[in-house]
Structures are given as structure tokens and as C-alpha cells.
>>> print(open('coords_8.cif').read())   # mmCIF, C-alpha atoms
data_run
loop_
_atom_site.label_atom_id
_atom_site.label_comp_id
_atom_site.auth_asym_id
_atom_site.auth_seq_id
_atom_site.Cartn_x
_atom_site.Cartn_y
_atom_site.Cartn_z
CA ASP A 191 15.67 24.48 24.37
CA PRO A 192 14.78 25.14 28.03
CA THR A 193 11.11 25.54 27.20
CA THR A 194 11.15 21.85 26.31
CA CYS A 195 12.36 20.93 29.80
CA HIS A 196 10.07 23.47 31.45
CA PRO A 197 6.97 23.73 29.24
CA THR A 198 4.97 25.81 31.73
CA ILE A 199 7.72 28.37 32.30
CA ALA A 200 7.84 31.73 30.59
CA MET A 201 11.38 32.72 29.75
CA VAL A 202 13.05 35.98 30.71
CA GLU A 203 13.82 37.85 27.50
CA ALA A 204 17.55 38.44 27.07
CA GLU A 205 17.05 42.08 26.12
CA SER A 206 15.27 42.72 29.44
CA ILE A 207 18.32 41.71 31.52
CA SER A 208 20.12 44.71 33.00
CA SER A 209 23.87 44.63 33.73
CA THR A 210 23.28 45.89 37.28
CA MET A 211 20.53 45.69 39.87
CA LYS A 212 19.68 47.73 42.95
CA LEU A 213 19.54 45.69 46.15
CA GLU A 214 16.31 45.66 48.12
CA ALA A 215 15.48 44.23 51.55
CA PRO A 216 16.57 41.95 53.06
CA LEU A 217 19.94 42.21 51.27
CA GLY A 218 19.58 45.97 51.10
CA THR A 219 19.23 46.00 54.87
CA LEU A 220 22.50 44.14 55.27
CA VAL A 221 24.66 46.10 52.82
CA SER A 222 23.56 49.45 54.27
CA ASN A 223 24.96 48.59 57.72
CA ASP A 224 28.68 48.07 58.29
CA ALA A 225 28.13 45.89 61.36
CA LEU A 226 25.81 43.58 59.44
CA LYS A 227 28.21 43.38 56.51
CA GLN A 228 30.91 42.33 58.97
CA ALA A 229 28.53 39.77 60.48
CA MET A 230 27.98 38.25 57.05
CA LYS A 231 31.74 38.14 56.51
CA THR A 232 32.14 36.37 59.85
CA ILE A 233 29.82 33.59 58.67
CA GLU A 234 31.91 33.40 55.47
CA LEU A 235 29.30 34.96 53.21
CA GLU A 236 30.99 38.19 52.16
CA LEU A 237 28.59 40.57 50.44
CA VAL A 238 29.69 42.18 47.18
CA CYS A 239 28.12 45.36 45.88
CA ASP A 240 29.06 48.77 44.55
CA ASP A 241 29.00 51.95 46.62
CA ASP A 242 25.47 52.70 45.42
CA ASP A 243 24.25 49.29 46.71
CA THR A 244 23.99 47.77 43.24
CA ILE A 245 25.14 44.31 42.18
CA LYS A 246 26.39 43.17 38.79
CA LEU A 247 25.85 40.27 36.45
CA ILE A 248 28.13 37.32 37.18
CA SER A 249 31.62 37.49 35.70
CA GLU A 250 32.95 34.75 33.45
CA ASP A 251 35.54 33.77 36.07
CA ASP A 252 32.81 33.09 38.64
CA LEU A 253 30.97 30.69 36.32
CA PHE A 254 33.73 28.12 36.93
CA GLY A 255 33.33 26.49 33.53
CA TYR A 256 29.55 26.64 33.36
CA ASN A 257 27.91 28.20 30.32
CA ASN A 258 25.08 30.57 31.21
CA GLU A 259 24.28 31.12 27.53
CA SER A 260 23.84 27.48 26.49
CA ASP A 261 20.07 27.55 27.07
CA GLY A 262 19.27 30.95 25.62
CA SER A 263 18.42 33.40 28.38
CA PHE A 264 17.30 30.80 30.95
CA PHE A 265 20.50 31.07 33.03
CA LYS A 266 21.52 34.53 31.84
CA ALA A 267 20.10 36.60 34.73
CA LEU A 268 22.69 35.74 37.40
CA TYR A 269 23.72 38.57 39.74
CA SER A 270 26.55 38.00 42.24
CA ILE A 271 25.64 38.79 45.85
CA CYS A 272 28.32 37.19 48.01
CA PHE A 273 31.29 34.86 48.05
CA THR A 274 32.09 32.02 50.41
CA GLY A 275 35.29 31.31 52.30
CA SER A 276 36.02 28.45 49.90
CA GLY A 277 35.92 30.72 46.84
CA GLY A 278 32.46 29.84 45.56
CA GLY A 279 29.79 32.41 44.83
CA LEU A 280 26.12 32.94 45.58
CA HIS A 281 24.02 34.67 42.98
CA LEU A 282 20.50 35.89 42.43
CA TRP A 283 18.84 33.97 39.60
CA TYR A 284 15.73 35.18 37.80
CA PRO A 285 15.02 32.43 35.27
CA THR A 286 11.40 33.09 34.47
CA THR A 287 8.64 35.62 34.49
CA ALA A 288 6.40 32.92 35.96
CA THR A 289 8.27 32.83 39.29
CA ASN A 290 8.31 36.64 39.52
CA SER A 291 11.11 36.55 42.11
CA TYR A 292 14.81 35.84 42.44
CA ALA A 293 16.06 32.52 43.68
CA VAL A 294 19.55 32.21 45.19
CA VAL A 295 21.97 29.78 43.56
CA TYR A 296 25.47 28.58 44.31
CA LEU A 297 28.37 27.97 41.93
CA GLY A 298 31.50 26.43 43.44
CA SER A 299 35.09 26.34 42.30
CA GLU A 300 34.98 22.52 42.19
CA GLY A 301 32.01 22.44 39.82
CA GLU A 302 29.22 22.54 42.40
CA ARG A 303 25.85 24.02 41.41
CA ALA A 304 22.77 24.28 43.59
CA LYS A 305 19.65 26.32 44.17
CA VAL A 306 19.93 27.20 47.85
CA GLY A 307 16.88 29.43 48.31
CA ARG A 308 13.61 30.07 46.53
CA SER A 309 13.94 33.61 47.85
CA VAL A 310 16.66 35.72 49.44
CA ALA A 311 14.93 35.51 52.81
CA GLU A 312 14.84 31.71 52.66
CA PHE A 313 18.54 31.54 51.74
CA LEU A 314 19.55 33.84 54.59
CA GLN A 315 17.40 32.04 57.14
CA VAL A 316 18.83 28.63 56.23
CA ALA A 317 22.43 29.86 55.98
CA CYS A 318 22.32 31.60 59.34
CA SER A 319 20.54 28.69 61.02
CA LEU A 320 23.28 26.27 59.93
CA ALA A 321 26.34 28.53 60.36
CA PRO A 322 29.21 27.71 60.52
CA TYR A 323 28.31 24.43 58.76
CA TYR A 324 26.08 25.84 56.05
CA MET A 325 28.39 25.04 53.14
CA ASP A 326 28.87 21.50 54.44
CA ALA A 327 25.11 21.02 54.12
CA VAL A 328 25.10 22.53 50.63
CA THR A 329 27.85 20.24 49.34
CA ASP A 330 25.81 17.20 50.44
CA LEU A 331 22.89 18.14 48.16
CA PRO A 332 22.04 15.56 45.46
CA GLY A 333 23.24 16.13 41.91
CA ILE A 334 25.27 19.14 42.97
CA ASN A 335 27.87 18.80 40.22
CA THR A 336 28.26 17.26 36.79
CA LEU A 337 30.62 14.43 37.74
CA PRO A 338 29.30 11.10 36.42
CA ASP A 339 29.08 9.57 39.93
CA ASN A 340 27.29 12.55 41.46
CA GLY A 341 23.84 12.00 40.01
CA ASP A 342 21.59 14.01 37.77
CA ILE A 343 20.10 17.22 39.15
CA GLN A 344 17.07 16.89 36.90
CA ASN A 345 16.27 13.42 38.26
CA ALA A 346 17.38 13.89 41.89
CA THR A 347 14.74 13.32 44.58
CA LEU A 348 14.25 13.98 48.28
CA GLN A 349 15.20 10.36 48.90
CA ASP A 350 18.73 11.17 47.69
CA TYR A 351 19.31 13.47 50.70
CA SER A 352 19.08 12.04 54.21
CA VAL A 353 18.07 14.94 56.45
CA THR A 354 18.32 12.68 59.51
CA GLN A 355 21.89 11.58 58.81
CA ILE A 356 23.15 15.02 57.83
CA ALA A 357 21.44 16.64 60.83
CA ALA A 358 23.10 14.13 63.16
CA LYS A 359 26.49 14.90 61.61
CA ILE A 360 26.07 18.67 61.98
CA GLU A 361 24.67 18.38 65.52
CA GLY A 362 27.77 16.34 66.40
CA TRP A 363 30.00 19.09 65.05
CA PHE A 364 28.14 21.67 67.11
CA ASP A 365 28.63 19.55 70.24
CA ASP A 366 32.33 19.08 69.52
CA ASP A 367 32.90 22.79 68.85
CA ASP A 368 30.64 24.14 71.59
CA ASP A 369 33.55 25.83 73.41
CA ASP A 370 35.39 26.98 70.29
CA ASP A 371 35.67 30.79 70.16
CA ASP A 372 35.44 30.98 66.35
CA THR A 373 32.30 28.85 66.32
CA LYS A 374 30.73 31.02 69.03
CA ALA A 375 31.56 34.19 67.09
CA THR A 376 30.08 32.75 63.90
CA ARG A 377 26.86 31.71 65.62
CA GLN A 378 26.54 35.13 67.27
CA ALA A 379 27.04 36.84 63.90
CA ALA A 380 24.41 34.60 62.31
CA GLN A 381 21.92 35.45 65.05
CA GLN A 382 22.68 39.15 64.54
CA VAL A 383 21.75 38.85 60.87
CA LEU A 384 18.54 36.95 61.60
CA GLN A 385 17.45 39.54 64.15
CA ALA A 386 18.15 42.39 61.70
CA ILE A 387 15.95 40.85 59.00
CA HIS A 388 13.29 39.67 61.47
CA LEU A 389 13.54 35.94 60.81
CA PRO A 390 13.57 33.16 63.42
CA LYS A 391 16.37 30.64 63.63
CA LEU A 392 15.40 27.21 62.26
CA THR A 393 16.30 23.94 63.89
CA ILE A 394 18.97 21.98 62.04
CA PRO A 395 16.46 19.48 60.56
CA GLN A 396 14.12 22.33 59.55
CA ALA A 397 16.99 24.17 57.84
CA LEU A 398 18.15 21.06 55.99
CA GLU A 399 14.63 20.20 54.87
CA THR A 400 14.13 23.74 53.57
CA LEU A 401 17.49 23.64 51.80
CA VAL A 402 16.87 20.43 49.89
CA GLN A 403 13.33 21.46 48.98
CA ALA A 404 14.69 24.70 47.53
CA HIS A 405 17.37 22.80 45.60
CA LEU A 406 14.83 20.44 44.06
CA ALA A 407 12.11 23.02 43.42
CA GLU A 408 11.29 23.74 39.79
CA PRO A 409 12.84 25.21 37.78
CA ARG A 410 16.00 23.42 38.87
CA PHE A 411 19.38 25.08 38.53
CA ALA A 412 20.57 22.63 35.89
CA ILE A 413 23.05 24.97 34.27
CA ARG A 414 25.27 23.08 31.83
CA SER A 415 29.05 22.97 31.85
CA GLU A 416 31.06 23.93 28.80
CA ASP A 417 32.29 20.31 28.63
CA GLU A 418 28.70 19.06 28.38
CA ASP A 419 28.01 21.47 25.55
CA ASP A 420 31.18 20.30 23.74
CA ASP A 421 30.06 16.68 24.10
CA ASP A 422 26.74 17.52 22.42
CA ASP A 423 28.44 19.13 19.42
#
>>> encode(input="coords_8.cif", output="C-alpha cells")
Amino acid sequence: DPTTCHPTIAMVEAESISSTMKLEAPLGTLVSNDALKQAMKTIELELVCDDDDTIKLISEDDLFGYNNESDGSFFKALYSICFTGSGGGLHLWYPTTATNSYAVVYLGSEGERAKVGRSVAEFLQVACSLAPYYMDAVTDLPGINTLPDNGDIQNATLQDYSVTQIAAKIEGWFDDDDDDDDTKATRQAAQQVLQAIHLPKLTIPQALETLVQAHLAEPRFAIRSEDEDDDDD
């Protein structure tokens, strides 16, 4: 029962979850402009929406073995917004009426799960600030999957994520790839997106700090795998 784990959280009622949702700014700004959609694709975050700028509930294939019905309606409201170059997906998540806004979460094809933004704006700002190494930063988050040696998302702390070490690694990659045409194109596309949604670029440490704080903010995206549910039976 998710209300046991989150006693102060009011659940979203299952019957209130629509199968589609109309995109609003800042995502609405991006999907309504072909150049901005191409910019997102360049940074390997390809937007997915219907012709009327609506998005749909996550498909079973994109859950990658996670069960979004195992905790009632707590993980039910997942709407797919874009897919990464590695095949993972980013989704809007509206777990509670208490938060009154959509977080952005990530589900990867190798079992990764993370909350990567407490709002769409925060997700976009961090992703564009770290491009093209955004997903590298995400996969370093603590407790990101259910493997026994990966840690427990519910008990993960800020001390499990070294912003200093990861920032140094990413800054080194930027230095090494400074003259690479693909890297330049990606960074230009990311800046184009930030300018369109009127957000400043963060420094690498700022972006990493924001990312891990979003990941560890309550309620955590502790969606359970089907294997975990089988083990409890």
C-alpha cells in the first residue's frame, strides 16, 4: 500500500486518469515548432505526440518489466513524452494530488528507473545543460535499478552520488570533444531549446546537483518490477 510508504501523500484516483493529455508549455512550445522538435532529436530526446499535440499513457512495452499497477494508482499516471537514443523513455508522472504537478521520470531498457525532474522545466534545463552527456549523468544516479548491488532507491542519499567526481568526468569529456562536430551540434541544439523556453544554462555541478535532488525528492519513483512482485507472492 503506497499510502503506508507515503503517509502524507494523497493518491491520484485511478478513475481520474485520462488515456491522453494535452501538452502545455514548455513541452507545448517545443512540439509546436518543427525546428525545436529537431533540436530535441539532435540531443537524443525525441518528442512523441499525436498531431493534436496530445500524449498517451505509457505502453506496456515501454515499462520494461516494471509494473505500474502493483501499488494501486500510485504509478498509473505515466504519460510518454520522449525517447532517448539508447531506447529508454521519459514520461510525465502525476503520483499525487498533493504535488499538484507532473514530475518527469525515466525508464530504461536495462531496468533503470529515476525521477529526473520535479517539473518539466527542471528536466529540460538539466538535460540541455548536460547535453550530450545527460544520460551518462542519469545512469550514475543512486538506486537507479533493482539489481541487488545497485542500492535501494528508498534508502539512497545525496552521499551516494558524488557531484564533484561526476562533474570532473563530464568536464573531461567536454574538453576531449571540444572540436567534435557532433558535440558542437548537440550543444547548439540544447542552447536553442533553452532559449526557446527562456531558461538559463546551468553549470555542470549545478545541473548534477539539481538532478540528484530531483531523483531523491519525495515521493520517490520506486516503481516495482514484475520480478519483485513475484517474489512477494
>>> closest_residue(input="coords_8.cif", among="A:Ser263, A:Thr329, A:Thr393, A:Ser309", to="A:His281", atoms="only C-alpha atoms")
A:Ser309
>>> resolve_selection(input="coords_8.cif", expression="the PyMOL selection byres ((chain A and resi 213) around 10)", output="number ranges by chain")
A: 210-212, 214-222, 239, 242-245, 271
>>> residues_around(input="coords_8.cif", residues="stretch 344-347 of chain A", least_positions_apart="5", cutoff="10 Å", atoms="all atoms listed in the file", output="number ranges by chain")
A: 195, 331-334, 402-403, 405-406, 408-412
>>> write_last_selection(input="coords_8.cif", atoms="C-alpha atoms", output="PDB file, in the coordinates of the input")
ATOM      1  CA  CYS A 195      12.360  20.930  29.800  1.00  0.00           C
ATOM      2  CA  LEU A 331      22.890  18.140  48.160  1.00  0.00           C
ATOM      3  CA  PRO A 332      22.040  15.560  45.460  1.00  0.00           C
ATOM      4  CA  GLY A 333      23.240  16.130  41.910  1.00  0.00           C
ATOM      5  CA  ILE A 334      25.270  19.140  42.970  1.00  0.00           C
ATOM      6  CA  VAL A 402      16.870  20.430  49.890  1.00  0.00           C
ATOM      7  CA  GLN A 403      13.330  21.460  48.980  1.00  0.00           C
ATOM      8  CA  HIS A 405      17.370  22.800  45.600  1.00  0.00           C
ATOM      9  CA  LEU A 406      14.830  20.440  44.060  1.00  0.00           C
ATOM     10  CA  GLU A 408      11.290  23.740  39.790  1.00  0.00           C
ATOM     11  CA  PRO A 409      12.840  25.210  37.780  1.00  0.00           C
ATOM     12  CA  ARG A 410      16.000  23.420  38.870  1.00  0.00           C
ATOM     13  CA  PHE A 411      19.380  25.080  38.530  1.00  0.00           C
ATOM     14  CA  ALA A 412      20.570  22.630  35.890  1.00  0.00           C
TER      15      ALA A 412
END
>>> residues_near_point(input="coords_8.cif", point="(22.9, 14.1, 62.7)", cutoff="12 Å", atoms="all atoms listed in the file", output="PDB file with C-alpha atoms, keeping the file's coordinate frame")
ATOM      1  CA  ALA A 327      25.110  21.020  54.120  1.00  0.00           C
ATOM      2  CA  SER A 352      19.080  12.040  54.210  1.00  0.00           C
ATOM      3  CA  VAL A 353      18.070  14.940  56.450  1.00  0.00           C
ATOM      4  CA  THR A 354      18.320  12.680  59.510  1.00  0.00           C
ATOM      5  CA  GLN A 355      21.890  11.580  58.810  1.00  0.00           C
ATOM      6  CA  ILE A 356      23.150  15.020  57.830  1.00  0.00           C
ATOM      7  CA  ALA A 357      21.440  16.640  60.830  1.00  0.00           C
ATOM      8  CA  ALA A 358      23.100  14.130  63.160  1.00  0.00           C
ATOM      9  CA  LYS A 359      26.490  14.900  61.610  1.00  0.00           C
ATOM     10  CA  ILE A 360      26.070  18.670  61.980  1.00  0.00           C
ATOM     11  CA  GLU A 361      24.670  18.380  65.520  1.00  0.00           C
ATOM     12  CA  GLY A 362      27.770  16.340  66.400  1.00  0.00           C
ATOM     13  CA  TRP A 363      30.000  19.090  65.050  1.00  0.00           C
ATOM     14  CA  PHE A 364      28.140  21.670  67.110  1.00  0.00           C
ATOM     15  CA  ASP A 365      28.630  19.550  70.240  1.00  0.00           C
ATOM     16  CA  THR A 393      16.300  23.940  63.890  1.00  0.00           C
ATOM     17  CA  ILE A 394      18.970  21.980  62.040  1.00  0.00           C
ATOM     18  CA  PRO A 395      16.460  19.480  60.560  1.00  0.00           C
ATOM     19  CA  LEU A 398      18.150  21.060  55.990  1.00  0.00           C
TER      20      LEU A 398
END
>>> atom_distance(input="coords_8.cif", atom1="atom CA of A:Leu392", atom2="atom CA of A:Leu348")
19.3 Å
>>> closest_residue(input="coords_8.cif", among="A:Val238, A:Ala311, A:Ala225, A:Leu247", to="A:Ser209", atoms="only C-alpha atoms")
A:Leu247
>>> resolve_selection(input="coords_8.cif", expression="the PyMOL selection byres ((chain A and resi 282) around 6)", output="NGL selection string")
:A and (268-269 or 281 or 283 or 292-294)
>>> closest_residue(input="coords_8.cif", among="A:Ala267, A:Ala386, A:Ile343, A:Ala375", to="A:Gln315", atoms="all atoms listed in the file")
A:Ala386
>>> residues_around(input="coords_8.cif", residues="A:Leu389", least_positions_apart="2", cutoff="12 Å", atoms="only C-alpha atoms", output="ChimeraX atom specification")
/A:216,310-319,380-387,391-392
>>> resolve_selection(input="coords_8.cif", expression="the PyMOL selection byres ((chain A and resi 298) around 10)", output="ChimeraX atom specification")
/A:252-254,273-274,276-280,296-297,299-304,329,334-335
>>> atom_distance(input="coords_8.cif", atom1="atom CA of A:Asn223", atom2="atom CA of A:Asp240")
13.8 Å
>>> atom_distance(input="coords_8.cif", atom1="atom CA of A:Gln349", atom2="atom CA of A:Asp326")
18.5 Å
>>> closest_residue(input="coords_8.cif", among="A:Pro322, A:Pro390, A:Gly262, A:Gly275", to="A:Arg414", atoms="all atoms listed in the file")
A:Gly262
